[in-house]
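**Student:** So here's data.cif (mmCIF, C-alpha atoms).
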data_entry
#
loop_
_atom_site.group_PDB
_atom_site.id
_atom_site.type_symbol
_atom_site.label_atom_id
_atom_site.label_comp_id
_atom_site.auth_asym_id
_atom_site.auth_seq_id
_atom_site.Cartn_x
_atom_site.Cartn_y
_atom_site.Cartn_z
ATOM 1 C CA MET I 1 -6.416 3.477 24.052
ATOM 2 C CA THR I 2 -9.921 2.958 25.445
ATOM 3 C CA ALA I 3 -12.485 4.326 23.003
ATOM 4 C CA LEU I 4 -16.243 4.754 23.188
ATOM 5 C CA LEU I 5 -17.853 4.204 19.767
ATOM 6 C CA LEU I 6 -21.266 5.736 19.029
ATOM 7 C CA ASP I 7 -23.701 5.758 16.113
ATOM 8 C CA SER I 8 -27.370 6.747 16.214
ATOM 9 C CA SER I 9 -27.653 8.133 12.686
ATOM 10 C CA SER I 10 -29.894 5.415 11.257
ATOM 11 C CA SER I 11 -32.705 3.202 12.514
ATOM 12 C CA ASN I 12 -30.098 1.209 14.440
ATOM 13 C CA LEU I 13 -28.307 2.260 17.607
ATOM 14 C CA THR I 14 -24.673 1.222 18.061
ATOM 15 C CA VAL I 15 -22.735 1.554 21.312
ATOM 16 C CA ALA I 16 -19.365 -0.154 21.620
ATOM 17 C CA LEU I 17 -16.093 -0.027 23.514
ATOM 18 C CA SER I 18 -12.608 -0.847 22.301
ATOM 19 C CA VAL I 19 -9.506 -1.389 24.402
ATOM 20 C CA GLN I 20 -6.101 -1.437 22.764
ATOM 21 C CA GLY I 21 -7.639 -1.823 19.316
ATOM 22 C CA GLU I 22 -10.006 -4.670 20.223
ATOM 23 C CA ILE I 23 -13.797 -4.430 20.492
ATOM 24 C CA ILE I 24 -14.581 -5.749 23.971
ATOM 25 C CA TYR I 25 -18.226 -4.666 24.183
ATOM 26 C CA GLU I 26 -20.808 -4.024 21.472
ATOM 27 C CA VAL I 27 -24.566 -3.623 21.199
ATOM 28 C CA GLU I 28 -26.486 -2.803 18.035
ATOM 29 C CA TYR I 29 -30.217 -3.017 17.506
ATOM 30 C CA GLU I 30 -33.162 -1.260 15.895
ATOM 31 C CA ALA I 31 -34.071 1.844 17.905
ATOM 32 C CA TRP I 32 -35.914 4.075 15.445
ATOM 33 C CA GLN I 33 -37.157 7.228 17.195
ATOM 34 C CA ARG I 34 -35.979 5.862 20.551
ATOM 35 C CA GLN I 35 -32.294 6.774 20.296
ATOM 36 C CA SER I 36 -32.574 9.679 22.733
ATOM 37 C CA GLU I 37 -33.957 7.507 25.528
ATOM 38 C CA LEU I 38 -31.724 4.507 24.845
ATOM 39 C CA LEU I 39 -28.283 5.931 24.059
ATOM 40 C CA THR I 40 -27.298 7.127 27.535
ATOM 41 C CA TRP I 41 -28.895 4.022 29.081
ATOM 42 C CA GLU I 42 -26.765 1.773 26.860
ATOM 43 C CA ILE I 43 -23.622 3.724 27.735
ATOM 44 C CA ASN I 44 -24.379 3.206 31.428
ATOM 45 C CA GLN I 45 -24.920 -0.503 30.751
ATOM 46 C CA LEU I 46 -21.565 -0.621 28.978
ATOM 47 C CA PHE I 47 -19.772 0.792 32.004
ATOM 48 C CA GLN I 48 -21.570 -1.560 34.391
ATOM 49 C CA LYS I 49 -20.821 -4.664 32.353
ATOM 50 C CA THR I 50 -17.184 -3.847 31.588
ATOM 51 C CA LYS I 51 -16.494 -2.575 35.138
ATOM 52 C CA LEU I 52 -14.984 0.575 33.624
ATOM 53 C CA THR I 53 -15.925 4.204 34.171
ATOM 54 C CA ALA I 54 -16.053 7.285 31.988
ATOM 55 C CA GLN I 55 -12.704 8.324 33.469
ATOM 56 C CA ASP I 56 -11.121 5.268 31.831
ATOM 57 C CA LEU I 57 -11.952 6.555 28.364
ATOM 58 C CA THR I 58 -9.144 8.030 26.300
ATOM 59 C CA ALA I 59 -11.055 8.671 23.038
ATOM 60 C CA ILE I 60 -14.542 8.989 21.545
ATOM 61 C CA VAL I 61 -15.644 8.120 18.004
ATOM 62 C CA VAL I 62 -18.986 9.224 16.571
ATOM 63 C CA SER I 63 -20.656 9.128 13.189
ATOM 64 C CA VAL I 64 -21.840 12.595 12.271
ATOM 65 C CA GLY I 65 -24.300 11.821 9.478
ATOM 66 C CA PRO I 66 -25.926 11.866 7.073
ATOM 67 C CA GLY I 67 -28.987 10.168 8.460
ATOM 68 C CA SER I 68 -31.898 10.752 10.778
ATOM 69 C CA TYR I 69 -31.961 14.430 11.778
ATOM 70 C CA THR I 70 -32.718 13.669 15.422
ATOM 71 C CA GLY I 71 -30.608 10.516 15.589
ATOM 72 C CA VAL I 72 -27.441 12.161 14.278
ATOM 73 C CA ARG I 73 -27.819 15.072 16.685
ATOM 74 C CA ILE I 74 -28.181 12.803 19.715
ATOM 75 C CA ALA I 75 -24.950 10.841 19.310
ATOM 76 C CA VAL I 76 -22.955 13.932 18.325
ATOM 77 C CA SER I 77 -24.186 15.819 21.400
ATOM 78 C CA VAL I 78 -23.310 12.952 23.745
ATOM 79 C CA ALA I 79 -19.890 12.480 22.141
ATOM 80 C CA LYS I 80 -19.085 16.177 22.421
ATOM 81 C CA THR I 81 -20.122 16.192 26.083
ATOM 82 C CA PHE I 82 -17.824 13.268 26.936
ATOM 83 C CA SER I 83 -14.919 14.701 24.949
ATOM 84 C CA TYR I 84 -15.213 18.177 26.439
ATOM 85 C CA ALA I 85 -15.826 17.055 30.022
ATOM 86 C CA LEU I 86 -13.068 14.430 30.057
ATOM 87 C CA LYS I 87 -10.660 16.429 27.863
ATOM 88 C CA ILE I 88 -10.097 13.468 25.540
ATOM 89 C CA PRO I 89 -9.878 13.451 21.726
ATOM 90 C CA LEU I 90 -12.989 13.120 19.602
ATOM 91 C CA TYR I 91 -12.924 11.461 16.184
ATOM 92 C CA LYS I 92 -15.672 11.744 13.590
ATOM 93 C CA THR I 93 -16.692 9.630 10.628
ATOM 94 C CA SER I 94 -19.455 9.520 8.060
ATOM 95 C CA SER I 95 -22.396 7.305 8.989
ATOM 96 C CA LEU I 96 -22.162 5.860 5.474
ATOM 97 C CA GLN I 97 -18.457 5.173 5.815
ATOM 98 C CA ALA I 98 -19.294 3.276 9.001
ATOM 99 C CA MET I 99 -21.150 0.746 6.839
ATOM 100 C CA ARG I 100 -18.194 -0.279 4.671
ATOM 101 C CA VAL I 101 -17.672 -3.924 3.792
ATOM 102 C CA PRO I 102 -13.992 -4.928 4.120
ATOM 103 C CA ASN I 103 -12.044 -5.419 0.897
ATOM 104 C CA LYS I 104 -15.023 -4.627 -1.323
ATOM 105 C CA ILE I 105 -16.271 -1.582 -3.178
ATOM 106 C CA THR I 106 -19.221 -0.624 -0.986
ATOM 107 C CA ILE I 107 -22.230 1.421 -2.049
ATOM 108 C CA ALA I 108 -23.402 2.522 1.405
ATOM 109 C CA VAL I 109 -27.019 3.651 1.541
ATOM 110 C CA LEU I 110 -29.557 5.149 3.935
ATOM 111 C CA ASP I 111 -33.131 6.116 3.089
ATOM 112 C CA ALA I 112 -33.424 9.893 2.636
ATOM 113 C CA ARG I 113 -37.195 9.616 2.048
ATOM 114 C CA GLY I 114 -39.098 11.165 -0.831
ATOM 115 C CA GLY I 115 -37.680 8.738 -3.397
ATOM 116 C CA ARG I 116 -34.079 9.607 -2.521
ATOM 117 C CA SER I 117 -31.125 7.964 -0.810
ATOM 118 C CA TYR I 118 -28.058 9.106 1.082
ATOM 119 C CA VAL I 119 -25.177 7.435 -0.739
ATOM 120 C CA GLY I 120 -21.425 7.122 -0.403
ATOM 121 C CA VAL I 121 -19.102 4.720 -2.224
ATOM 122 C CA TYR I 122 -16.014 3.409 -0.461
ATOM 123 C CA LYS I 123 -13.211 0.915 -0.897
ATOM 124 C CA ASP I 124 -11.686 0.448 2.543
ATOM 125 C CA ASP I 125 -10.202 3.873 3.455
ATOM 126 C CA ALA I 126 -10.630 5.297 -0.047
ATOM 127 C CA THR I 127 -13.671 7.441 -0.878
ATOM 128 C CA LEU I 128 -14.837 6.755 -4.439
ATOM 129 C CA LEU I 129 -18.010 8.865 -4.197
ATOM 130 C CA ALA I 130 -18.317 11.416 -1.393
ATOM 131 C CA ASP I 131 -21.568 11.303 0.579
ATOM 132 C CA THR I 132 -24.408 12.778 -1.425
ATOM 133 C CA ILE I 133 -28.133 12.521 -2.130
ATOM 134 C CA LEU I 134 -29.317 10.659 -5.226
ATOM 135 C CA THR I 135 -32.664 9.487 -6.453
ATOM 136 C CA ASN I 136 -33.331 5.840 -5.707
ATOM 137 C CA GLU I 137 -32.987 5.034 -9.404
ATOM 138 C CA GLU I 138 -29.608 6.760 -9.584
ATOM 139 C CA THR I 139 -28.519 4.869 -6.485
ATOM 140 C CA LEU I 140 -29.386 1.489 -7.971
ATOM 141 C CA ASN I 141 -27.623 2.403 -11.205
ATOM 142 C CA LEU I 142 -24.312 2.874 -9.378
ATOM 143 C CA VAL I 143 -23.673 -0.860 -9.789
ATOM 144 C CA ASN I 144 -23.134 -0.106 -13.480
ATOM 145 C CA LYS I 145 -20.350 2.339 -12.639
ATOM 146 C CA TYR I 146 -18.546 0.397 -9.915
ATOM 147 C CA GLU I 147 -17.765 -3.140 -11.050
ATOM 148 C CA ASN I 148 -18.223 -5.861 -8.401
ATOM 149 C CA ALA I 149 -19.610 -3.333 -5.915
ATOM 150 C CA VAL I 150 -21.888 -4.456 -3.080
ATOM 151 C CA PHE I 151 -24.683 -2.598 -1.326
ATOM 152 C CA SER I 152 -24.679 -2.051 2.424
ATOM 153 C CA GLY I 153 -26.879 -0.190 4.865
ATOM 154 C CA GLU I 154 -30.637 0.165 5.113
ATOM 155 C CA LEU I 155 -32.012 -0.887 1.756
ATOM 156 C CA THR I 156 -35.650 -1.818 2.286
ATOM 157 C CA HIS I 157 -36.738 1.190 0.237
ATOM 158 C CA LEU I 158 -34.612 -0.113 -2.655
ATOM 159 C CA LYS I 159 -35.812 -3.705 -2.241
ATOM 160 C CA ARG I 160 -32.218 -4.874 -1.846
ATOM 161 C CA GLU I 161 -30.418 -6.745 0.908
ATOM 162 C CA SER I 162 -27.338 -5.428 2.666
ATOM 163 C CA GLU I 163 -24.000 -7.131 2.550
ATOM 164 C CA PRO I 164 -22.922 -7.861 6.157
ATOM 165 C CA PHE I 165 -20.740 -5.208 7.773
ATOM 166 C CA ASN I 166 -19.450 -4.407 11.265
ATOM 167 C CA ARG I 167 -20.347 -0.833 12.196
ATOM 168 C CA ALA I 168 -18.423 -0.844 15.492
ATOM 169 C CA LEU I 169 -15.246 -2.052 13.800
ATOM 170 C CA ASN I 170 -15.592 0.613 11.109
ATOM 171 C CA LEU I 171 -15.999 3.252 13.824
ATOM 172 C CA LEU I 172 -12.853 1.959 15.491
ATOM 173 C CA HIS I 173 -10.946 2.279 12.203
ATOM 174 C CA ALA I 174 -11.913 5.957 12.121
ATOM 175 C CA ILE I 175 -9.374 6.679 14.844
ATOM 176 C CA GLN I 176 -6.957 8.448 12.541
ATOM 177 C CA GLU I 177 -5.371 11.869 12.733
ATOM 178 C CA THR I 178 -7.322 13.040 9.669
ATOM 179 C CA ASN I 179 -10.614 12.356 11.492
ATOM 180 C CA LYS I 180 -9.678 14.083 14.733
ATOM 181 C CA VAL I 181 -11.936 16.984 15.690
ATOM 182 C CA ASN I 182 -9.786 20.028 16.400
ATOM 183 C CA ASP I 183 -12.516 22.163 17.965
ATOM 184 C CA VAL I 184 -15.063 19.972 19.734
ATOM 185 C CA LYS I 185 -17.464 22.830 20.423
ATOM 186 C CA LYS I 186 -17.778 23.587 16.707
ATOM 187 C CA LEU I 187 -18.524 20.030 15.580
ATOM 188 C CA LYS I 188 -21.925 19.858 13.907
ATOM 189 C CA PRO I 189 -23.919 16.962 12.463
ATOM 190 C CA VAL I 190 -23.950 16.590 8.684
ATOM 191 C CA TYR I 191 -27.409 17.206 7.249
ATOM 192 C CA LEU I 192 -27.036 16.672 3.521
ATOM 193 C CA LYS I 193 -30.609 17.742 2.808
ATOM 194 C CA GLU I 194 -29.762 21.250 3.995
ATOM 195 C CA GLN I 195 -26.634 21.353 1.825
ATOM 196 C CA TYR I 196 -28.668 20.373 -1.217
ATOM 197 C CA GLY I 197 -31.496 22.774 -0.462
ATOM 198 C CA GLN I 198 -33.888 19.939 0.301
ATOM 199 C CA LYS I 199 -36.170 19.189 3.218
#
What does the file become when written as structure tokens?
**Tutor:**
Amino acid sequence: MTALLLDSSSSNLTVALSVQGEIIYEVEYEAWQRQSELLTWEINQLFQKTKLTAQDLTAIVVSVGPGSYTGVRIAVSVAKTFSYALKIPLYKTSSLQAMRVPNKITIAVLDARGGRSYVGVYKDDATLLADTILTNEETLNLVNKYENAVFSGELTHLKRESEPFNRALNLLHAIQETNKVNDVKKLKPVYLKEQYGQK
């Protein structure tokens, strides 16, 4: 399997390629509010540097949110286009789940602004707390509920440091039947603020 791995849901942009379960190409860097101009450019760079083409792809993986409204939409749109045009399977994963730390209970966090955080708690493939929105205080207090948990993600607003994680590898691990998108056209980004009646 040759899979394109995409995430533009946070301030970072991730574009990676795996072949037969191994990451052979990966770029990740801060691209806040520049994802739309950089994502397709980085995909083109990936093909140039690996000497592969879009026709070599056999799967796409994308994180669908929560996160930046514009950022999430960009990667999802590109992933859907590749999947539909090439007639290859598309797999989705939470942008918080893509920040898991191996073998540790992970409190994955992104800044939701307004004194709130997007939060999900994971232990490898197990979801301990489904993605939600909490106040920053509630988010910090999760360490009292989950013993030996670590924080990952973008934590400047909480004045905490992230435990190291590999987003591309977590995206690769999302290639499972339960994450396969059955109707590519109907896939939509996850905007938790809308679900919770918040803006």
**Student:** Kindly indicate which residue among I:Leu39, I:Val121, I:Ile74, I:Ile60 lies nearest to Leu17 (chain I), using all atoms listed in the file for the distances.
**Tutor:**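 With all atoms listed in the file as the atom set, the closest residue is I:Ile60.
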**Student:** If you count only C-alpha atoms, which residues fall within 10 Å of Phe82 (chain I), apart from same-chain ones fewer than 3 positions away, as a list of chain:residue names?
**Tutor:**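 In the requested format, the answer is I:Leu4, I:Ala54, I:Gln55, I:Leu57, I:Ala59, I:Ile60, I:Ser77, I:Val78, I:Ala79, I:Ala85, I:Leu86, I:Lys87, I:Ile88, I:Pro89, I:Leu90.
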**Student:** Show me the residues around (-22.3, 5.6, 32.7) - criterion: an atom at most 7 Å away, all atoms listed in the file counted - as a VMD selection string.
**Tutor:** chain I and resid 43 to 45 47 53 to 54
**Student:** Using only C-alpha atoms, find the one residue out of I:Pro66, I:Gly21, I:Gly71, I:Pro189 that sits nearest to Ala98 (chain I).
**Tutor:**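 Looking only at the distances to Ala98 (chain I), the closest residue turns out to be I:Pro66.
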**Student:** Gly120 (chain I): which residues within 7 Å, counting all atoms listed in the file, same-chain residues fewer than 5 positions away excluded, as a list in words?
**Tutor:**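 Near Gly120 (chain I), the qualifying residues are Leu96, Ile107, Ala108, Val109, Leu129, Ala130, Asp131 and Thr132 of chain I.
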**Student:** Any chance you can output those residues with C-alpha atoms as a PDB file, in the frame of the given file?
**Tutor:**
ATOM      1  CA  LEU I  96     -22.162   5.860   5.474  1.00  0.00           C
ATOM      2  CA  ILE I 107     -22.230   1.421  -2.049  1.00  0.00           C
ATOM      3  CA  ALA I 108     -23.402   2.522   1.405  1.00  0.00           C
ATOM      4  CA  VAL I 109     -27.019   3.651   1.541  1.00  0.00           C
ATOM      5  CA  LEU I 129     -18.010   8.865  -4.197  1.00  0.00           C
ATOM      6  CA  ALA I 130     -18.317  11.416  -1.393  1.00  0.00           C
ATOM      7  CA  ASP I 131     -21.568  11.303   0.579  1.00  0.00           C
ATOM      8  CA  THR I 132     -24.408  12.778  -1.425  1.00  0.00           C
TER       9      THR I 132
END
**Student:** Could you tell me which residues the PyMOL selection byres ((chain I and resi 179) around 9) grabs in this file, written as a PyMOL selection string?
**Tutor:** chain I and resi 90-93+174-178+180-181
**Student:** For this structure, which residues satisfy the selection - the PyMOL selection byres ((chain I and resi 141-155) around 10) - when it is evaluated on the file as given? I want them as number ranges by chain.
**Tutor:** I: 10-12, 95-96, 98-101, 104-111, 117, 119, 121-123, 128, 135-140, 156-165, 167
**Student:** Could you name the residues that touch Tyr191 (chain I) at 9 Å or less, counting all atoms listed in the file, but leaving out those on the same chain fewer than 4 positions away, as an MDAnalysis selection string?
**Tutor:** chainID I and resid 64:69 72 195
**Student:** Can you list, as a list in words, the residues that the PyMOL selection byres ((chain I and resi 42) around 10) selects here?
**Tutor:**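 For this structure, the PyMOL selection byres ((chain I and resi 42) around 10) resolves to Leu13, Thr14, Val15, Ala16, Glu26, Val27, Glu28, Gln35, Glu37, Leu38, Leu39, Thr40, Trp41, Ile43, Asn44, Gln45, Leu46, Phe47 and Gln48 of chain I.
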**Student:** For the atom pair CA of Arg113 (chain I) and CA of Lys80 (chain I), what is the interatomic distance in Å to one decimal place?
**Tutor:**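 If I compute the distance from CA of Arg113 (chain I) to CA of Lys80 (chain I), I get 28.0 Å.
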**Student:** So the first atom is CA of Val61 (chain I) and the second is CA of Leu5 (chain I); what is the distance between them in Å, to one decimal place?
**Tutor:** 4.8 Å
**Student:** Nearest to Leu192 (chain I) among I:Tyr84, I:Tyr118, I:Tyr25, I:Trp32, with distances taken over all atoms listed in the file: which residue is it?
**Tutor:**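 Ranking I:Tyr84, I:Tyr118, I:Tyr25, I:Trp32 by distance to Leu192 (chain I), first place goes to I:Tyr118.
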**Student:** Which distance in Å separates CA of Leu134 (chain I) and CA of Leu172 (chain I), to one decimal?
**Tutor:**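 These atoms are spaced 27.9 Å apart.
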